[in-house]
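K.L.:
One structure, pasted below without further comment.
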Amino acid sequence: MSEPSTETAELGYEQARDQLVEVVRELEAGGLSLEQSLALWEKGEHLAKVCERHLEGARERIEAALASVEEDAGNDEQ
């Protein structure tokens, strides 16, 4: 499988998700050649990884914010 294109890698979460939904629709609709199906599948895999990276980044930011709040609360109790 090839590396994600710069264009795909730079998509925001919502854009990547919307494109992934469209890829799934096209695959589910059928009527594509094997080559077309494989190309769409690979595009979907890349888009899913972009979404995962965005979600992981959001998770890390939330965890950091919660840790900061907990640290501040611990300092206020002393």
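Naming works like this for the structure tokens: A, B, ... for the chains as they're shown, residue 1 at the start of each chain, ligands 1 onward in shown order.
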Per DSSP on the backbone, filter chain A down to the residues in helix (DSSP H, G or I) and report them as a PyMOL selection string.
P.N.:
chain A and resi 6-9+13-29+34-77
K.L.:
Name the residues in contact with segment 19-29 of chain A at a cut-off of 7 Å, using only C-alpha atoms, excluding same-chain residues fewer than 3 positions from it; report them as a list in words.
P.N.:
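Everything that qualifies: Gln15, Ala16, Ser37, Leu40, Gly44, Leu47 and Ala48 of chain A.
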